[in-house]
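S.K.: Take a look at the following structure, please.
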Amino acid sequence: MMRVVRIGTWNFAGRWSDDHAALLEDTACDVWLLTEVNERTTLGGYSLHPSQTPMADRRHWAAVLSREAMSPLPDPHPASAAVRIGTTTYVSSVLPWRSCGAKPPWIGKDHAARTESAISELASNLGQTQPLVWGGDWNHALTGPEHAGSHSGRRAVLGALKSFGLEAPTADLPHAIDGLLSIDHVAVPVGRRAAASRVSAERSGRRLSDHDAYVVDLDA
């Protein structure tokens with residue numbers, strides 16, 4: 001029987017509570033590519049490796065949460081975290097949003113340049129890493145209207161996917177805002193069978209984050 005690896009991504013917006021833990025547990029991912037991660041984040045049966053550059057007080061840019069043994073890797077960009085699980089490298093990234101400005105870790109005169117700079121650093125440090133799974137809050141829809149990033153930034157993201165040999169089955173999933181598509185993604189090797197779904201980030205009528213969670217079931 002084919003083994004399926006369940007991979008999720010979710011932007012916590014820096015929050016953490018028992019309800020956040022319950023959503024992670026209920027979704028039952030093997031690996032989570034998390035962003036805007038509160039330093040109190042912990043989940044029984046999982047190990048967590050956060051990015052080393054703080055995003056804000058008590059908040060990491062990104063982290064990988066895994067129920068399997070993992071080997072931490074150097075951050076391929078200050079807003080990314082990377083680990084190796086088995087033979088696969090998993091990377092969780094925040095990419096620049098339209099209003100992020102040119103302050104560290106973002107470099108460039110405008111949004112497109114900042115996105116291109118971040119992706120160039122990721123590509124340089126990841127090299128020809130294979131197999132690779134890359135996800136997180138990319139702040140870009142990959143098709144349709146663009147509200148968080150820019151069309152030039154989107155082209156840079158799509159170029160990176162092509163160079164890494166990846167495709168994002170999350171590309172056509174809806175955003176929490178009606179009429180928009182997700183800016184949070186999980187990208188997997190081209191040609192691998194994968195099914196993607198959205199998980200509402202809501203408990204008892206309360207939003208846990210302004211981002212929903214997204215899950216990809218990948219045939220291993």
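Note on naming: chains are A, B, ... as they come in the structure tokens, residues start from 1 per chain, ligands start from 1 in the order shown.
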As an mmCIF file with N, CA, C and O atoms, in the first residue's frame, please: the residues near Leu166 of chain A (cut-off 7 Å, only C-alpha atoms, same-chain neighbours under 5 positions excluded).

M.R.:
```cif
data_model
loop_
_atom_site.group_PDB
_atom_site.id
_atom_site.type_symbol
_atom_site.label_atom_id
_atom_site.label_comp_id
_atom_site.auth_asym_id
_atom_site.auth_seq_id
_atom_site.Cartn_x
_atom_site.Cartn_y
_atom_site.Cartn_z
ATOM 1 N N LEU A 161 9.477 27.945 -8.230
ATOM 2 C CA LEU A 161 8.865 26.617 -8.261
ATOM 3 C C LEU A 161 9.398 25.816 -9.450
ATOM 4 O O LEU A 161 9.741 24.635 -9.315
ATOM 5 N N ALA A 187 4.316 23.215 -1.648
ATOM 6 C CA ALA A 187 4.763 22.789 -2.976
ATOM 7 C C ALA A 187 5.538 21.487 -2.848
ATOM 8 O O ALA A 187 6.376 21.328 -1.954
ATOM 9 N N VAL A 188 5.256 20.580 -3.768
ATOM 10 C CA VAL A 188 5.821 19.229 -3.732
ATOM 11 C C VAL A 188 6.438 18.915 -5.089
ATOM 12 O O VAL A 188 6.167 19.597 -6.080
ATOM 13 N N PRO A 189 7.277 17.877 -5.177
ATOM 14 C CA PRO A 189 7.917 17.555 -6.460
ATOM 15 C C PRO A 189 6.905 17.309 -7.573
ATOM 16 O O PRO A 189 5.886 16.640 -7.374
ATOM 17 N N VAL A 190 7.210 17.853 -8.742
ATOM 18 C CA VAL A 190 6.344 17.674 -9.912
ATOM 19 C C VAL A 190 6.169 16.187 -10.203
ATOM 20 O O VAL A 190 7.130 15.405 -10.165
#
```

S.K.: Report as number ranges by chain all protein, DNA and RNA residues lying within 6 Å of segment 62-65 of chain A, evaluated on only C-alpha atoms, omitting residues in the same chain fewer than 5 positions from it.

M.R.: A: 31-36, 47-51, 80-81, 92

S.K.: Taking only C-alpha atoms into account, which of A:His60, A:Arg3, A:His140, A:Lys109 comes nearest Pro96 of chain A?

M.R.: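 Smallest separation from Pro96 of chain A among the options: A:His140.
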
S.K.: Identify which of the residues A:Ala168, A:Val216, A:Ile183, A:Ile177 lies closest to Thr27 of chain A, counting only C-alpha atoms when measuring atom-to-atom distances.

M.R.: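 Of A:Ala168, A:Val216, A:Ile183, A:Ile177, the one nearest Thr27 of chain A, counting only C-alpha atoms, is A:Val216.
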
S.K.: Would you give me, as a list in words, the residues in segment 72-165 of chain A that DSSP reads as strand (DSSP E)?

M.R.: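 The strand (DSSP E) subset of segment 72-165 of chain A is Pro72, Leu73, Ser80, Ala81, Ala82, Val83, Arg84, Ile85, Thr88, Thr89, Tyr90, Val91, Ser92, Ser93, Val94, Leu132, Val133, Trp134, Gly135, Gly136 and Asp137 of chain A.
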
S.K.: Keeping only N, CA, C and O atoms, write those residues as a CSV table (one decimal), in the first residue's frame.

M.R.:
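Output contents, as saved in part-v1.csv:
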```csv
chain,number,residue,atom,x,y,z
A,72,PRO,N,17.7,19.4,12.1
A,72,PRO,CA,17.7,20.9,11.7
A,72,PRO,C,18.8,21.2,10.7
A,72,PRO,O,19.9,20.7,10.8
A,73,LEU,N,18.5,22.1,9.8
A,73,LEU,CA,19.4,22.6,8.8
A,73,LEU,C,19.6,24.1,9.0
A,73,LEU,O,18.7,24.8,9.6
A,80,SER,N,13.0,31.9,7.0
A,80,SER,CA,12.7,30.5,6.6
A,80,SER,C,13.4,29.6,7.7
A,80,SER,O,14.4,29.9,8.3
A,81,ALA,N,12.8,28.4,7.8
A,81,ALA,CA,13.3,27.3,8.6
A,81,ALA,C,13.4,26.1,7.7
A,81,ALA,O,12.5,25.9,6.9
A,82,ALA,N,14.4,25.3,8.0
A,82,ALA,CA,14.6,24.1,7.1
A,82,ALA,C,15.1,22.9,8.0
A,82,ALA,O,15.8,23.1,9.0
A,83,VAL,N,14.6,21.7,7.6
A,83,VAL,CA,15.0,20.5,8.3
A,83,VAL,C,15.1,19.4,7.2
A,83,VAL,O,14.5,19.5,6.1
A,84,ARG,N,15.7,18.3,7.6
A,84,ARG,CA,15.7,17.1,6.8
A,84,ARG,C,15.0,16.0,7.6
A,84,ARG,O,15.3,15.7,8.8
A,85,ILE,N,14.0,15.4,7.0
A,85,ILE,CA,13.2,14.3,7.6
A,85,ILE,C,13.4,13.1,6.6
A,85,ILE,O,12.9,13.1,5.5
A,88,THR,N,14.1,13.7,2.7
A,88,THR,CA,13.5,14.9,2.2
A,88,THR,C,13.8,16.1,3.0
A,88,THR,O,13.8,16.1,4.2
A,89,THR,N,14.1,17.2,2.3
A,89,THR,CA,14.3,18.5,3.0
A,89,THR,C,12.9,19.3,2.9
A,89,THR,O,12.3,19.4,1.9
A,90,TYR,N,12.5,19.8,4.1
A,90,TYR,CA,11.3,20.6,4.3
A,90,TYR,C,11.7,22.0,4.6
A,90,TYR,O,12.5,22.2,5.6
A,91,VAL,N,11.1,23.0,3.9
A,91,VAL,CA,11.4,24.4,4.1
A,91,VAL,C,10.1,25.1,4.3
A,91,VAL,O,9.2,25.0,3.5
A,92,SER,N,10.0,25.9,5.4
A,92,SER,CA,8.9,26.8,5.7
A,92,SER,C,9.4,28.2,5.6
A,92,SER,O,10.4,28.6,6.2
A,93,SER,N,8.7,29.0,4.7
A,93,SER,CA,9.1,30.4,4.5
A,93,SER,C,8.0,31.4,4.6
A,93,SER,O,6.9,31.1,4.2
A,94,VAL,N,8.4,32.6,5.0
A,94,VAL,CA,7.6,33.8,4.8
A,94,VAL,C,8.3,34.6,3.7
A,94,VAL,O,9.5,34.8,3.8
A,132,LEU,N,12.6,17.9,-2.3
A,132,LEU,CA,12.3,19.1,-1.5
A,132,LEU,C,10.8,19.3,-1.4
A,132,LEU,O,10.1,19.1,-2.4
A,133,VAL,N,10.4,19.7,-0.2
A,133,VAL,CA,9.0,20.2,0.0
A,133,VAL,C,9.1,21.6,0.6
A,133,VAL,O,9.8,21.8,1.6
A,134,TRP,N,8.5,22.6,-0.1
A,134,TRP,CA,8.6,24.0,0.3
A,134,TRP,C,7.2,24.6,0.5
A,134,TRP,O,6.4,24.4,-0.3
A,135,GLY,N,7.0,25.3,1.6
A,135,GLY,CA,5.7,25.9,1.9
A,135,GLY,C,5.8,27.0,2.8
A,135,GLY,O,6.9,27.5,3.1
A,136,GLY,N,4.7,27.5,3.2
A,136,GLY,CA,4.6,28.6,4.2
A,136,GLY,C,3.7,29.7,3.7
A,136,GLY,O,2.8,29.5,2.8
A,137,ASP,N,3.9,30.9,4.2
A,137,ASP,CA,3.1,32.1,3.8
A,137,ASP,C,3.9,32.8,2.8
A,137,ASP,O,4.8,33.6,3.2
```

S.K.: Would you mind listing what lies within 6 Å of Phe12 of chain A as a ChimeraX atom specification, with only C-alpha atoms counted and same-chain residues fewer than 3 positions away left out?

M.R.: /A:15,36-37,209

S.K.: Which residues come within 10 Å of Glu25 of chain A, counting only C-alpha atoms, excluding same-chain residues fewer than 4 positions away, as a list of chain:residue names?

M.R.: A:Asp19, A:His20, A:Ala21, A:Cys29, A:Leu43, A:Gly44, A:Gly45

S.K.: Can you list, as a ChimeraX atom specification, every protein, DNA or RNA residue that comes within 6 Å of Tyr214 of chain A when you count only C-alpha atoms, leaving out same-chain residues fewer than 2 positions away?

M.R.: /A:8-9,197-199

S.K.: Keeping only N, CA, C and O atoms, write those residues as a PDB file, in the first residue's frame.

M.R.:
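Output file part-v2.pdb follows:
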```
ATOM      1  N   GLY A   8       1.046  20.096   6.275  1.00  0.00           N
ATOM      2  CA  GLY A   8       0.199  21.268   6.431  1.00  0.00           C
ATOM      3  C   GLY A   8       1.008  22.546   6.536  1.00  0.00           C
ATOM      4  O   GLY A   8       2.203  22.530   6.852  1.00  0.00           O
ATOM      5  N   THR A   9       0.342  23.654   6.256  1.00  0.00           N
ATOM      6  CA  THR A   9       0.934  24.966   6.512  1.00  0.00           C
ATOM      7  C   THR A   9      -0.117  25.841   7.161  1.00  0.00           C
ATOM      8  O   THR A   9      -1.310  25.752   6.849  1.00  0.00           O
ATOM      9  N   SER A 197      -6.288  20.533   0.464  1.00  0.00           N
ATOM     10  CA  SER A 197      -7.549  20.973   1.053  1.00  0.00           C
ATOM     11  C   SER A 197      -7.295  22.122   2.016  1.00  0.00           C
ATOM     12  O   SER A 197      -6.175  22.318   2.496  1.00  0.00           O
ATOM     13  N   ARG A 198      -8.353  22.882   2.272  1.00  0.00           N
ATOM     14  CA  ARG A 198      -8.283  23.999   3.221  1.00  0.00           C
ATOM     15  C   ARG A 198      -8.929  23.579   4.534  1.00  0.00           C
ATOM     16  O   ARG A 198      -9.919  22.853   4.554  1.00  0.00           O
ATOM     17  N   VAL A 199      -8.372  24.053   5.654  1.00  0.00           N
ATOM     18  CA  VAL A 199      -8.921  23.806   6.983  1.00  0.00           C
ATOM     19  C   VAL A 199      -9.247  25.159   7.604  1.00  0.00           C
ATOM     20  O   VAL A 199      -8.355  25.994   7.796  1.00  0.00           O
TER      21      VAL A 199
END
```

S.K.: Got a sec: who's within 9 Å of Pro54 of chain A, counting only C-alpha atoms, leaving out chain neighbours fewer than 4 positions off, as a PyMOL selection string?

M.R.: chain A and resi 58-61+78-79

S.K.: Which residue, A:Asp110, A:Asp172, A:Glu167, A:Glu121, has the smallest gap to Ser150 of chain A when you use only C-alpha atoms?

M.R.: A:Asp110

S.K.: For Arg114 of chain A, find every residue with an atom within 10 Å (counting only C-alpha atoms), except residues of its own chain fewer than 3 positions away, and show them as an MDAnalysis selection string.

M.R.: chainID A and resid 95:98 100:103 105:111 117:120 153

S.K.: Next, write the just-selected residues to a file, as a short mmCIF file (atom, residue, chain, number, x, y, z; two decimals), in the first residue's frame, keeping N, CA and C atoms as the atom set.

M.R.:
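Result file follows (out-v2.cif):
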```
data_model
loop_
_atom_site.label_atom_id
_atom_site.label_comp_id
_atom_site.auth_asym_id
_atom_site.auth_seq_id
_atom_site.Cartn_x
_atom_site.Cartn_y
_atom_site.Cartn_z
N LEU A 95 7.49 34.98 2.69
CA LEU A 95 8.01 35.84 1.63
C LEU A 95 7.44 37.24 1.79
N PRO A 96 8.05 38.25 1.18
CA PRO A 96 7.63 39.64 1.41
C PRO A 96 6.18 39.90 0.99
N TRP A 97 5.50 40.71 1.79
CA TRP A 97 4.17 41.18 1.44
C TRP A 97 4.28 42.62 0.95
N ARG A 98 3.23 43.10 0.36
CA ARG A 98 3.29 44.37 -0.38
C ARG A 98 3.79 45.54 0.47
N CYS A 100 5.66 45.41 3.33
CA CYS A 100 6.65 45.02 4.35
C CYS A 100 7.78 46.04 4.50
N GLY A 101 8.07 46.81 3.47
CA GLY A 101 9.15 47.78 3.57
C GLY A 101 10.52 47.16 3.41
N ALA A 102 11.53 48.00 3.30
CA ALA A 102 12.91 47.55 3.06
C ALA A 102 13.70 47.48 4.35
N LYS A 103 13.16 46.80 5.34
CA LYS A 103 13.89 46.59 6.59
C LYS A 103 14.22 45.11 6.70
N PRO A 105 14.39 41.29 7.29
CA PRO A 105 15.37 40.67 6.37
C PRO A 105 15.12 40.97 4.90
N TRP A 106 14.29 41.97 4.60
CA TRP A 106 13.93 42.25 3.21
C TRP A 106 14.92 43.25 2.60
N ILE A 107 15.34 42.95 1.37
CA ILE A 107 16.32 43.77 0.67
C ILE A 107 15.76 44.12 -0.71
N GLY A 108 15.78 45.42 -1.04
CA GLY A 108 15.33 45.83 -2.36
C GLY A 108 14.52 47.10 -2.32
N LYS A 109 14.46 47.79 -3.45
CA LYS A 109 13.82 49.10 -3.49
C LYS A 109 12.30 49.03 -3.56
N ASP A 110 11.74 47.89 -3.99
CA ASP A 110 10.30 47.75 -4.07
C ASP A 110 9.92 46.31 -3.79
N HIS A 111 8.62 46.04 -3.80
CA HIS A 111 8.17 44.70 -3.42
C HIS A 111 8.74 43.62 -4.34
N SER A 117 14.92 39.08 -4.19
CA SER A 117 16.09 38.91 -3.33
C SER A 117 15.93 37.72 -2.39
N ALA A 118 14.76 37.62 -1.76
CA ALA A 118 14.51 36.51 -0.83
C ALA A 118 14.59 35.18 -1.56
N ILE A 119 13.98 35.10 -2.73
CA ILE A 119 13.97 33.86 -3.48
C ILE A 119 15.38 33.52 -3.98
N SER A 120 16.13 34.53 -4.38
CA SER A 120 17.50 34.28 -4.81
C SER A 120 18.34 33.69 -3.68
N GLY A 153 6.21 39.94 -8.17
CA GLY A 153 6.61 38.99 -7.14
C GLY A 153 6.09 37.60 -7.44
#
```

S.K.: Write down as an MDAnalysis selection string the residues of segment 53-160 of chain A whose backbone DSSP state falls under alpha helix (DSSP H).

M.R.: chainID A and resid 111:126 151:160

S.K.: Emit the selected residues as an mmCIF file, in the first residue's frame, including N, CA and C atoms.

M.R.:
```
data_model
loop_
_atom_site.group_PDB
_atom_site.id
_atom_site.type_symbol
_atom_site.label_atom_id
_atom_site.label_comp_id
_atom_site.auth_asym_id
_atom_site.auth_seq_id
_atom_site.Cartn_x
_atom_site.Cartn_y
_atom_site.Cartn_z
ATOM 1 N N HIS A 111 8.618 46.038 -3.804
ATOM 2 C CA HIS A 111 8.175 44.699 -3.423
ATOM 3 C C HIS A 111 8.736 43.620 -4.339
ATOM 4 N N ALA A 112 8.721 43.867 -5.640
ATOM 5 C CA ALA A 112 9.238 42.864 -6.572
ATOM 6 C C ALA A 112 10.704 42.559 -6.284
ATOM 7 N N ALA A 113 11.500 43.604 -6.063
ATOM 8 C CA ALA A 113 12.925 43.403 -5.788
ATOM 9 C C ALA A 113 13.132 42.656 -4.477
ATOM 10 N N ARG A 114 12.313 42.947 -3.476
ATOM 11 C CA ARG A 114 12.453 42.263 -2.186
ATOM 12 C C ARG A 114 12.095 40.778 -2.311
ATOM 13 N N THR A 115 11.045 40.489 -3.097
ATOM 14 C CA THR A 115 10.676 39.090 -3.312
ATOM 15 C C THR A 115 11.769 38.364 -4.087
ATOM 16 N N GLU A 116 12.280 38.987 -5.124
ATOM 17 C CA GLU A 116 13.346 38.379 -5.924
ATOM 18 C C GLU A 116 14.596 38.135 -5.090
ATOM 19 N N SER A 117 14.919 39.075 -4.186
ATOM 20 C CA SER A 117 16.093 38.915 -3.331
ATOM 21 C C SER A 117 15.931 37.725 -2.386
ATOM 22 N N ALA A 118 14.758 37.619 -1.760
ATOM 23 C CA ALA A 118 14.514 36.510 -0.832
ATOM 24 C C ALA A 118 14.590 35.177 -1.559
ATOM 25 N N ILE A 119 13.982 35.101 -2.726
ATOM 26 C CA ILE A 119 13.972 33.856 -3.479
ATOM 27 C C ILE A 119 15.375 33.517 -3.981
ATOM 28 N N SER A 120 16.134 34.525 -4.378
ATOM 29 C CA SER A 120 17.503 34.283 -4.812
ATOM 30 C C SER A 120 18.343 33.692 -3.684
ATOM 31 N N GLU A 121 18.157 34.213 -2.458
ATOM 32 C CA GLU A 121 18.901 33.670 -1.318
ATOM 33 C C GLU A 121 18.473 32.241 -1.014
ATOM 34 N N LEU A 122 17.173 31.974 -1.090
ATOM 35 C CA LEU A 122 16.692 30.608 -0.889
ATOM 36 C C LEU A 122 17.289 29.672 -1.933
ATOM 37 N N ALA A 123 17.258 30.092 -3.196
ATOM 38 C CA ALA A 123 17.780 29.244 -4.268
ATOM 39 C C ALA A 123 19.271 28.988 -4.099
ATOM 40 N N SER A 124 20.008 30.017 -3.695
ATOM 41 C CA SER A 124 21.449 29.870 -3.509
ATOM 42 C C SER A 124 21.764 28.867 -2.408
ATOM 43 N N ASN A 125 21.004 28.920 -1.323
ATOM 44 C CA ASN A 125 21.304 28.062 -0.179
ATOM 45 C C ASN A 125 20.713 26.662 -0.302
ATOM 46 N N LEU A 126 19.631 26.533 -1.058
ATOM 47 C CA LEU A 126 19.044 25.208 -1.238
ATOM 48 C C LEU A 126 19.679 24.472 -2.408
ATOM 49 N N HIS A 151 2.236 41.249 -8.919
ATOM 50 C CA HIS A 151 2.328 40.333 -10.054
ATOM 51 C C HIS A 151 3.790 40.045 -10.404
ATOM 52 N N SER A 152 4.670 41.025 -10.232
ATOM 53 C CA SER A 152 6.095 40.774 -10.455
ATOM 54 C C SER A 152 6.635 39.786 -9.426
ATOM 55 N N GLY A 153 6.213 39.944 -8.171
ATOM 56 C CA GLY A 153 6.606 38.994 -7.140
ATOM 57 C C GLY A 153 6.093 37.604 -7.437
ATOM 58 N N ARG A 154 4.842 37.525 -7.918
ATOM 59 C CA ARG A 154 4.274 36.218 -8.276
ATOM 60 C C ARG A 154 5.128 35.538 -9.333
ATOM 61 N N ARG A 155 5.561 36.293 -10.341
ATOM 62 C CA ARG A 155 6.397 35.694 -11.383
ATOM 63 C C ARG A 155 7.690 35.135 -10.795
ATOM 64 N N ALA A 156 8.246 35.822 -9.799
ATOM 65 C CA ALA A 156 9.463 35.313 -9.145
ATOM 66 C C ALA A 156 9.180 34.022 -8.398
ATOM 67 N N VAL A 157 8.032 33.952 -7.718
ATOM 68 C CA VAL A 157 7.665 32.726 -6.993
ATOM 69 C C VAL A 157 7.462 31.578 -7.964
ATOM 70 N N LEU A 158 6.725 31.817 -9.046
ATOM 71 C CA LEU A 158 6.485 30.769 -10.033
ATOM 72 C C LEU A 158 7.796 30.317 -10.678
ATOM 73 N N GLY A 159 8.717 31.262 -10.890
ATOM 74 C CA GLY A 159 10.025 30.893 -11.426
ATOM 75 C C GLY A 159 10.800 30.007 -10.470
ATOM 76 N N ALA A 160 10.684 30.306 -9.168
ATOM 77 C CA ALA A 160 11.369 29.480 -8.172
ATOM 78 C C ALA A 160 10.799 28.063 -8.159
#
```
